[in-house]
$ cat my_file-v2.cif   # mmCIF, C-alpha atoms
data_coords
#
loop_
_atom_site.label_atom_id
_atom_site.label_comp_id
_atom_site.auth_asym_id
_atom_site.auth_seq_id
_atom_site.Cartn_x
_atom_site.Cartn_y
_atom_site.Cartn_z
CA MET A 784 64.91 74.32 89.17
CA ALA A 785 67.79 73.48 91.55
CA GLN A 786 67.02 69.77 91.08
CA LEU A 787 67.02 70.12 87.28
CA THR A 788 70.30 72.02 87.40
CA ALA A 789 71.81 69.29 89.58
CA ASP A 790 70.55 66.64 87.12
CA LEU A 791 72.23 68.47 84.24
CA GLU A 792 75.52 68.92 86.08
CA ARG A 793 75.48 65.18 86.83
CA HIS A 794 74.71 64.59 83.14
CA THR A 795 77.90 66.48 82.26
CA SER A 796 80.05 64.47 84.68
CA GLN A 797 78.61 61.18 83.40
CA TYR A 798 79.31 62.26 79.84
CA VAL A 799 82.93 63.10 80.74
CA GLU A 800 83.29 59.69 82.41
CA ALA A 801 82.06 57.88 79.25
CA PHE A 802 84.26 60.10 77.08
CA ASN A 803 87.39 59.41 79.17
CA ALA A 804 86.67 55.67 79.09
CA GLY A 805 86.82 55.91 75.29
CA ASP A 806 83.42 54.21 75.21
CA PHE A 807 81.81 55.42 71.98
CA ALA A 808 78.57 53.46 72.44
CA ALA A 809 78.10 55.00 75.90
CA VAL A 810 78.98 58.50 74.65
CA ASP A 811 76.56 58.21 71.73
CA LYS A 812 73.67 57.56 74.14
CA PHE A 813 74.13 61.12 75.42
CA TYR A 814 73.00 62.51 72.04
CA THR A 815 69.57 62.68 70.40
CA THR A 816 69.30 60.69 67.17
CA ASP A 817 69.37 63.86 65.07
CA ALA A 818 71.92 65.75 67.21
CA VAL A 819 74.28 68.25 65.60
CA ALA A 820 77.90 68.56 66.79
CA VAL A 821 80.37 71.22 65.69
CA TRP A 822 83.81 69.97 66.70
CA GLU A 823 85.35 72.00 63.89
CA PRO A 824 83.94 75.55 63.84
CA GLY A 825 81.68 76.09 60.84
CA LYS A 826 81.41 72.36 60.09
CA PRO A 827 78.29 70.92 61.76
CA LEU A 828 77.99 67.14 61.65
CA THR A 829 74.91 65.03 62.20
CA GLY A 830 73.81 61.40 61.91
CA ASP A 831 76.40 58.87 60.71
CA ALA A 832 78.96 61.60 59.94
CA ARG A 833 78.77 62.78 63.56
CA ARG A 834 79.08 59.24 64.88
CA ALA A 835 82.03 58.37 62.61
CA TYR A 836 83.90 61.54 63.62
CA GLN A 837 83.35 60.91 67.32
CA ARG A 838 84.22 57.21 67.14
CA GLU A 839 87.53 58.07 65.49
CA PHE A 840 88.25 60.92 67.89
CA LEU A 841 87.68 58.70 70.95
CA ALA A 842 89.91 55.96 69.53
CA SER A 843 93.03 57.95 70.50
CA ARG A 844 91.72 58.00 74.12
CA PRO A 845 91.68 61.75 74.76
CA LYS A 846 90.93 62.92 78.31
CA MET A 847 88.42 65.66 79.07
CA THR A 848 87.63 67.87 82.00
CA ALA A 849 84.48 69.99 81.89
CA THR A 850 83.15 72.60 84.30
CA PRO A 851 79.65 73.99 83.79
CA ARG A 852 79.74 77.78 83.97
CA GLN A 853 76.04 78.55 83.46
CA VAL A 854 72.91 76.41 83.19
CA PHE A 855 69.51 77.66 82.01
CA VAL A 856 66.72 75.11 82.14
CA THR A 857 63.07 75.23 81.09
CA GLY A 858 60.62 72.33 81.30
CA ASP A 859 62.12 70.46 78.35
CA THR A 860 65.09 72.49 77.09
CA ALA A 861 68.44 73.43 78.61
CA LEU A 862 71.34 75.63 77.60
CA MET A 863 74.66 74.88 79.27
CA ILE A 864 77.80 76.97 78.98
CA VAL A 865 80.76 74.74 79.80
CA ASP A 866 84.51 75.37 80.16
CA TRP A 867 86.31 72.31 78.83
CA VAL A 868 89.85 71.03 78.21
CA ILE A 869 90.80 67.93 76.22
CA ASP A 870 94.29 66.47 76.36
CA GLY A 871 94.97 64.21 73.41
CA VAL A 872 97.36 63.75 70.52
CA ASP A 873 97.52 65.46 67.15
CA ALA A 874 97.69 63.74 63.74
CA ASP A 875 101.43 63.09 64.24
CA GLY A 876 100.93 61.59 67.69
CA ALA A 877 102.32 64.63 69.52
CA PRO A 878 100.53 65.77 72.69
CA GLU A 879 97.88 68.34 71.98
CA ARG A 880 95.67 70.35 74.32
CA LEU A 881 92.30 71.60 73.04
CA GLN A 882 90.11 73.94 75.05
CA GLY A 883 87.08 76.11 74.65
CA VAL A 884 83.83 77.38 76.03
CA GLY A 885 81.11 75.02 74.88
CA VAL A 886 77.51 75.95 74.17
CA ASP A 887 75.30 72.89 74.56
CA VAL A 888 71.57 72.57 73.95
CA LEU A 889 69.94 69.63 75.73
CA THR A 890 66.38 68.40 75.28
CA LEU A 891 64.34 66.23 77.62
CA GLY A 892 63.20 63.03 75.92
CA GLU A 893 59.77 61.46 76.42
CA ASP A 894 61.64 58.85 78.49
CA GLY A 895 62.69 61.56 80.96
CA VAL A 896 66.35 61.54 79.85
CA TRP A 897 68.25 64.72 78.94
CA ARG A 898 70.36 64.44 75.78
CA TYR A 899 72.55 66.76 73.73
CA ALA A 900 70.66 68.07 70.72
CA ILE A 901 73.40 70.55 69.77
CA ASP A 902 77.02 70.31 70.92
CA ASP A 903 78.98 73.43 69.93
CA PRO A 904 82.35 73.12 71.75
CA TYR A 905 83.68 76.44 70.45
CA GLY A 906 80.28 78.12 70.66
CA GLN A 907 81.43 81.10 72.71
CA ARG A 908 84.14 83.19 71.11
CA MET B 390 54.07 98.41 61.84
CA PHE B 391 56.72 98.26 59.13
CA SER B 392 56.96 94.67 58.05
CA THR B 393 59.53 92.79 56.00
CA VAL B 394 58.16 89.33 56.74
CA ASP B 395 54.51 88.32 57.07
CA PHE B 396 53.54 86.58 60.29
CA ASP B 397 50.45 86.15 62.46
CA PRO B 398 50.84 88.52 65.44
CA GLU B 399 48.37 86.43 67.47
CA ARG B 400 50.25 83.18 66.87
CA PRO B 401 53.74 84.05 65.66
CA ASP B 402 55.96 81.31 64.23
CA LEU B 403 59.68 82.04 64.10
CA THR B 404 60.00 79.08 61.66
CA ALA B 405 63.09 76.90 61.21
CA ASP B 406 64.55 79.41 58.74
CA THR B 407 67.27 81.48 60.38
CA GLU B 408 66.87 84.65 58.32
CA THR B 409 63.08 84.59 58.80
CA GLN B 410 63.61 84.18 62.55
CA ASN B 411 65.97 87.13 62.63
CA GLU B 412 63.66 89.37 60.57
CA ILE B 413 60.61 88.61 62.73
CA PHE B 414 62.59 89.00 65.94
CA ILE B 415 63.99 92.38 64.88
CA GLN B 416 60.73 93.81 63.62
CA VAL B 417 58.79 92.72 66.72
CA PHE B 418 61.51 94.11 69.01
CA ASN B 419 61.49 97.40 67.11
CA SER B 420 57.69 97.62 67.29
CA GLY B 421 58.03 98.61 70.96
CA ASP B 422 55.20 96.19 71.83
CA GLY B 423 56.42 94.12 74.80
CA GLU B 424 53.28 91.99 74.84
CA LEU B 425 53.77 91.02 71.19
CA PHE B 426 57.49 90.42 71.74
CA ASN B 427 56.63 88.10 74.66
CA ARG B 428 54.54 85.97 72.27
CA LEU B 429 57.77 84.92 70.56
CA TYR B 430 58.53 83.02 73.78
CA ARG B 431 56.89 80.02 75.41
CA ASP B 432 55.43 80.46 78.92
CA ASP B 433 58.40 78.76 80.59
CA SER B 434 61.06 80.25 78.29
CA ILE B 435 64.01 82.04 79.88
CA SER B 436 65.15 85.48 78.75
CA ASN B 437 68.39 86.97 80.05
CA PHE B 438 67.89 90.37 78.37
CA SER B 439 67.51 92.07 81.76
CA GLY B 440 70.75 90.56 83.05
CA GLU B 441 68.77 88.04 85.12
CA PRO B 442 67.06 84.86 83.89
CA LEU B 443 63.37 85.81 83.72
CA THR B 444 60.36 83.68 82.87
CA GLY B 445 56.55 83.99 82.91
CA ALA B 446 55.03 87.21 84.26
CA ALA B 447 58.41 88.69 85.31
CA ARG B 448 59.69 88.29 81.76
CA LEU B 449 56.58 89.93 80.28
CA ALA B 450 56.83 92.85 82.73
CA PHE B 451 60.47 93.41 81.78
CA PHE B 452 59.77 93.26 78.03
CA LYS B 453 56.95 95.80 78.37
CA GLU B 454 59.13 98.19 80.35
CA PHE B 455 62.25 97.73 78.21
CA LEU B 456 60.49 98.08 74.86
CA ALA B 457 58.22 100.95 75.94
CA THR B 458 61.00 103.45 75.20
CA GLU B 459 61.26 101.97 71.68
CA PRO B 460 64.88 100.90 71.57
CA THR B 461 66.09 99.83 68.12
CA LEU B 462 67.76 96.52 67.42
CA GLU B 463 70.02 95.44 64.59
CA ALA B 464 71.20 91.83 64.51
CA THR B 465 73.33 89.74 62.18
CA VAL B 466 73.26 85.95 62.29
CA THR B 467 76.72 84.43 62.84
CA HIS B 468 75.78 80.74 63.02
CA ALA B 469 72.71 78.51 63.14
CA TYR B 470 72.21 74.80 63.73
CA VAL B 471 68.92 72.88 63.62
CA ALA B 472 68.67 69.45 65.25
CA GLY B 473 65.17 67.99 64.88
CA ASP B 474 62.90 70.13 67.08
CA ALA B 475 65.68 72.26 68.60
CA ALA B 476 67.77 75.06 67.12
CA LEU B 477 70.76 77.11 68.27
CA ILE B 478 71.30 80.53 66.73
CA GLY B 479 74.14 83.00 67.28
CA VAL B 480 73.75 86.69 66.46
CA ASP B 481 75.80 89.86 66.78
CA TYR B 482 73.46 92.54 68.12
CA ARG B 483 73.46 96.32 68.45
CA ILE B 484 70.79 98.16 70.45
CA GLU B 485 70.26 101.90 70.64
CA THR B 486 68.31 102.81 73.77
CA LYS B 487 68.25 105.32 76.62
CA GLY B 488 69.86 105.05 80.04
CA PRO B 489 67.98 105.76 83.30
CA ASP B 490 68.95 109.46 82.92
CA GLY B 491 67.46 109.58 79.42
CA ALA B 492 70.86 109.84 77.72
CA PRO B 493 71.45 107.70 74.61
CA LEU B 494 72.88 104.25 75.44
CA HIS B 495 74.50 101.88 72.96
CA LEU B 496 74.56 98.15 73.73
CA GLU B 497 76.24 95.49 71.65
CA GLY B 498 77.43 91.95 71.96
CA GLN B 499 76.74 88.36 71.00
CA CYS B 500 73.49 86.58 71.77
CA THR B 501 72.87 82.84 71.84
CA ASP B 502 69.26 81.82 71.20
CA VAL B 503 67.72 78.39 71.66
CA LEU B 504 64.47 77.76 69.79
CA ARG B 505 62.09 74.82 70.05
CA ARG B 506 59.35 73.54 67.79
CA THR B 507 56.18 73.46 69.87
CA ALA B 508 53.43 70.83 69.82
CA ASP B 509 51.46 72.92 67.29
CA GLY B 510 54.44 73.05 64.93
CA ARG B 511 55.46 76.67 65.56
CA TRP B 512 59.06 77.58 66.41
CA LEU B 513 59.44 79.83 69.48
CA MET B 514 62.22 81.15 71.68
CA ALA B 515 63.10 78.82 74.57
CA ILE B 516 66.23 80.53 75.97
CA ASP B 517 68.15 83.68 75.08
CA ARG B 518 71.54 84.59 76.48
CA PRO B 519 73.09 87.91 75.45
CA VAL B 520 76.72 88.53 76.35
CA ALA B 521 77.56 92.22 76.06
CA THR B 522 80.86 93.52 74.82
CA THR B 523 79.74 97.02 75.81
CA GLY B 524 76.97 98.24 78.09
CA LEU B 525 74.68 95.96 80.04
CA VAL B 526 74.06 92.22 80.25
CA ALA B 527 77.44 90.60 80.74
CA ASP B 528 78.49 87.20 81.97
#
$ encode --input "my_file-v2.cif" --output "structure tokens"
Amino acid sequence: MAQLTADLERHTSQYVEAFNAGDFAAVDKFYTTDAVAVWEPGKPLTGDARRAYQREFLASRPKMTATPRQVFVTGDTALMIVDWVIDGVDADGAPERLQGVGVDVLTLGEDGVWRYAIDDPYGQR
Amino acid sequence: MFSTVDFDPERPDLTADTETQNEIFIQVFNSGDGELFNRLYRDDSISNFSGEPLTGAARLAFFKEFLATEPTLEATVTHAYVAGDAALIGVDYRIETKGPDGAPLHLEGQCTDVLRRTADGRWLMAIDRPVATTGLVAD
């Protein structure tokens, strides 16, 4: 259990590293092929729509910090509650700070790699 | 048992349909049968209903004790996302139960549920995480 939790916390820090490098291809590898992300509350995106949204978002080189608050892990499924802050720019190019408490579901692939199946950044009100 | 949705009590399937999940979950909770309620979970699933993450035999023991007094649950789905063989559901819940002294106790809050589709195609609870706004089971 402690080892799995450590693996997942490392997963988060590696994700943040890829995110802050603006590397969409690397970031996309952290998601399952049919992952759902909800960067705008009430508007889940999946597949190509998810990828297009994230590629565009990363293009402005936002910077994220993320601190796992709680991790629950079973044999093949994890729920992480994560405090996050993203400093970026708004549509007019003015500095903008986004923050929230994310609710992330990760699944363990047959290749032994954990990936985000559901990424709900504003999942905890 | 009063039933609004048909399901096999020996091999329950919460399905990928959010309202069906919620109906089955509520009616099994309200049945007071902790053993049946435990069948909505996989062996290694984690329930935080007690305030601690419980799995296996400890989870079953808690469910039996908690449901034996026949608390009643009402729950309203606030959001639901399905990604392949995983699902994330949010509900607002209200539970009427009794405290250790036998006095009525009202619990309410938001619960996050993670469901997985198992190898036999059934959907079951993998992780639940209630966060109380009143009463027990807080962050």
$ closest_atom_pairs --input "my_file-v2.cif" --of "segment 811-881 of chain A" --to "segment 435-452 of chain B" --cutoff "8 Å" --atoms "all atoms listed in the file" --output "tab-separated table"
residue	atom	partner	partner_atom	distance
A:Phe855	CA	B:Ile435	CA	7.3
A:Val856	CA	B:Ile435	CA	7.8
A:Thr857	CA	B:Ile435	CA	7.0
$ write_last_selection --input "my_file-v2.cif" --atoms "C-alpha atoms" --output "short mmCIF file (atom, residue, chain, number, x, y, z; two decimals), in the coordinates of the input"
data_model
loop_
_atom_site.label_atom_id
_atom_site.label_comp_id
_atom_site.auth_asym_id
_atom_site.auth_seq_id
_atom_site.Cartn_x
_atom_site.Cartn_y
_atom_site.Cartn_z
CA PHE A 855 69.51 77.66 82.01
CA VAL A 856 66.72 75.11 82.14
CA THR A 857 63.07 75.23 81.09
#
$ atom_distance --input "my_file-v2.cif" --atom1 "atom CA of Arg483 of chain B" --atom2 "atom CA of Thr522 of chain B"
10.2 Å
$ interface_residues --input "my_file-v2.cif" --of "chain B" --to "chain A" --cutoff "6 Å" --atoms "all atoms listed in the file" --output "PDB file with C-alpha atoms, keeping the file's coordinate frame"
ATOM      1  CA  ASP B 433      58.400  78.760  80.590  1.00  0.00           C
ATOM      2  CA  ALA B 472      68.670  69.450  65.250  1.00  0.00           C
ATOM      3  CA  GLY B 473      65.170  67.990  64.880  1.00  0.00           C
TER       4      GLY B 473
END
$ resolve_selection --input "my_file-v2.cif" --expression "the PyMOL selection byres ((chain B and resi 454-462) around 8)" --output "list in words"
Ile415, Phe418, Asn419, Ser420, Gly421, Asp422, Gly423, Ala450, Phe451, Phe452, Lys453, Glu463, Ala464, Tyr482, Arg483, Ile484, Glu485, Thr486 and Lys487 of chain B
$ residues_around --input "my_file-v2.cif" --residues "segment 507-516 of chain B" --least-positions-apart "3" --cutoff "7 Å" --atoms "all atoms listed in the file" --output "JSON, numbers by chain"
{"B": [402, 403, 404, 405, 429, 430, 431, 434, 435, 436, 502, 503, 504]}
$ write_last_selection --input "my_file-v2.cif" --atoms "C-alpha atoms" --output "JSON list (two decimals), keeping the file's coordinate frame"
[["chain", "number", "residue", "atom", "x", "y", "z"],
["B", 402, "ASP", "CA", 55.96, 81.31, 64.23],
["B", 403, "LEU", "CA", 59.68, 82.04, 64.10],
["B", 404, "THR", "CA", 60.00, 79.08, 61.66],
["B", 405, "ALA", "CA", 63.09, 76.90, 61.21],
["B", 429, "LEU", "CA", 57.77, 84.92, 70.56],
["B", 430, "TYR", "CA", 58.53, 83.02, 73.78],
["B", 431, "ARG", "CA", 56.89, 80.02, 75.41],
["B", 434, "SER", "CA", 61.06, 80.25, 78.29],
["B", 435, "ILE", "CA", 64.01, 82.04, 79.88],
["B", 436, "SER", "CA", 65.15, 85.48, 78.75],
["B", 502, "ASP", "CA", 69.26, 81.82, 71.20],
["B", 503, "VAL", "CA", 67.72, 78.39, 71.66],
["B", 504, "LEU", "CA", 64.47, 77.76, 69.79]]
$ closest_residue --input "my_file-v2.cif" --among "B:Thr465, B:Thr409, B:Thr501, B:Thr393" --to "Gly885 of chain A" --atoms "all atoms listed in the file"
B:Thr501
$ atom_distance --input "my_file-v2.cif" --atom1 "atom CA of Asp397 of chain B" --atom2 "atom CA of Phe414 of chain B"
12.9 Å
$ closest_residue --input "my_file-v2.cif" --among "A:Val865, A:Val896, A:Leu891, A:Val884" --to "Val799 of chain A" --atoms "only C-alpha atoms"
A:Val865
$ resolve_selection --input "my_file-v2.cif" --expression "the PyMOL selection byres ((chain B and resi 499) around 6)" --output "short mmCIF file (atom, residue, chain, number, x, y, z; two decimals) with C-alpha atoms, keeping the file's coordinate frame"
data_model
loop_
_atom_site.label_atom_id
_atom_site.label_comp_id
_atom_site.auth_asym_id
_atom_site.auth_seq_id
_atom_site.Cartn_x
_atom_site.Cartn_y
_atom_site.Cartn_z
CA VAL B 480 73.75 86.69 66.46
CA ASP B 481 75.80 89.86 66.78
CA GLY B 498 77.43 91.95 71.96
CA CYS B 500 73.49 86.58 71.77
CA PRO B 519 73.09 87.91 75.45
CA VAL B 520 76.72 88.53 76.35
#
$ resolve_selection --input "my_file-v2.cif" --expression "the PyMOL selection byres ((chain A and resi 807) around 10)" --output "list of chain:residue names"
A:Ala801, A:Phe802, A:Asn803, A:Ala804, A:Gly805, A:Asp806, A:Ala808, A:Ala809, A:Val810, A:Asp811, A:Lys812, A:Arg834, A:Ala835, A:Gln837, A:Arg838, A:Glu839, A:Phe840, A:Leu841, A:Ala842
$ axis_aligned_box --input "my_file-v2.cif" --around "segment 833-850 of chain A" --padding-each-side "5 Å" --output "lines of an AutoDock Vina configuration file"
center_x = 85.9
center_y = 64.3
center_z = 73.5
size_x = 24.3
size_y = 26.6
size_z = 31.7
$ build_atoms --input "my_file-v2.cif" --residues "segment 474-499 of chain B" --atoms "N, CA and C atoms" --output "compact mmCIF listing (two decimals), in the frame of the given file"
# COMPACT_ATOMS: atom_id res chain seq x y z
N ASP B 474 63.82 69.10 66.60
CA ASP B 474 62.90 70.13 67.08
C ASP B 474 63.59 71.17 67.96
N ALA B 475 64.92 71.26 67.84
CA ALA B 475 65.68 72.26 68.60
C ALA B 475 66.62 73.00 67.65
N ALA B 476 66.85 74.28 67.94
CA ALA B 476 67.77 75.06 67.12
C ALA B 476 68.60 75.97 68.01
N LEU B 477 69.84 76.20 67.58
CA LEU B 477 70.76 77.11 68.27
C LEU B 477 71.19 78.16 67.26
N ILE B 478 70.99 79.43 67.62
CA ILE B 478 71.30 80.53 66.73
C ILE B 478 72.26 81.47 67.44
N GLY B 479 73.26 81.96 66.74
CA GLY B 479 74.14 83.00 67.28
C GLY B 479 73.97 84.27 66.47
N VAL B 480 73.84 85.40 67.17
CA VAL B 480 73.75 86.69 66.46
C VAL B 480 74.66 87.72 67.11
N ASP B 481 75.18 88.63 66.28
CA ASP B 481 75.80 89.86 66.78
C ASP B 481 74.69 90.91 66.84
N TYR B 482 74.55 91.55 68.00
CA TYR B 482 73.46 92.54 68.12
C TYR B 482 73.98 93.93 68.49
N ARG B 483 73.21 94.92 68.08
CA ARG B 483 73.46 96.32 68.45
C ARG B 483 72.11 96.93 68.81
N ILE B 484 72.04 97.54 69.99
CA ILE B 484 70.79 98.16 70.45
C ILE B 484 71.06 99.61 70.80
N GLU B 485 70.22 100.49 70.25
CA GLU B 485 70.26 101.90 70.64
C GLU B 485 69.08 102.16 71.56
N THR B 486 69.38 102.57 72.80
CA THR B 486 68.31 102.81 73.77
C THR B 486 68.66 104.03 74.61
N LYS B 487 67.96 104.19 75.73
CA LYS B 487 68.25 105.32 76.62
C LYS B 487 68.57 104.79 78.01
N GLY B 488 69.53 105.42 78.67
CA GLY B 488 69.86 105.05 80.04
C GLY B 488 68.81 105.61 80.99
N PRO B 489 68.94 105.29 82.30
CA PRO B 489 67.98 105.76 83.30
C PRO B 489 67.87 107.29 83.33
N ASP B 490 68.96 107.98 82.92
CA ASP B 490 68.95 109.46 82.92
C ASP B 490 68.43 110.02 81.59
N GLY B 491 68.00 109.12 80.70
CA GLY B 491 67.46 109.58 79.42
C GLY B 491 68.51 109.80 78.34
N ALA B 492 69.79 109.65 78.71
CA ALA B 492 70.86 109.84 77.72
C ALA B 492 70.94 108.62 76.81
N PRO B 493 71.34 108.83 75.54
CA PRO B 493 71.45 107.70 74.61
C PRO B 493 72.42 106.63 75.15
N LEU B 494 72.06 105.36 74.96
CA LEU B 494 72.88 104.25 75.44
C LEU B 494 73.01 103.24 74.31
N HIS B 495 74.23 102.86 74.02
CA HIS B 495 74.50 101.88 72.96
C HIS B 495 74.91 100.56 73.60
N LEU B 496 74.23 99.49 73.23
CA LEU B 496 74.56 98.15 73.73
C LEU B 496 74.94 97.29 72.55
N GLU B 497 75.97 96.47 72.71
CA GLU B 497 76.24 95.49 71.65
C GLU B 497 76.92 94.27 72.22
N GLY B 498 76.82 93.18 71.50
CA GLY B 498 77.43 91.95 71.96
C GLY B 498 76.99 90.78 71.11
N GLN B 499 77.16 89.58 71.68
CA GLN B 499 76.74 88.36 71.00
C GLN B 499 75.60 87.73 71.80
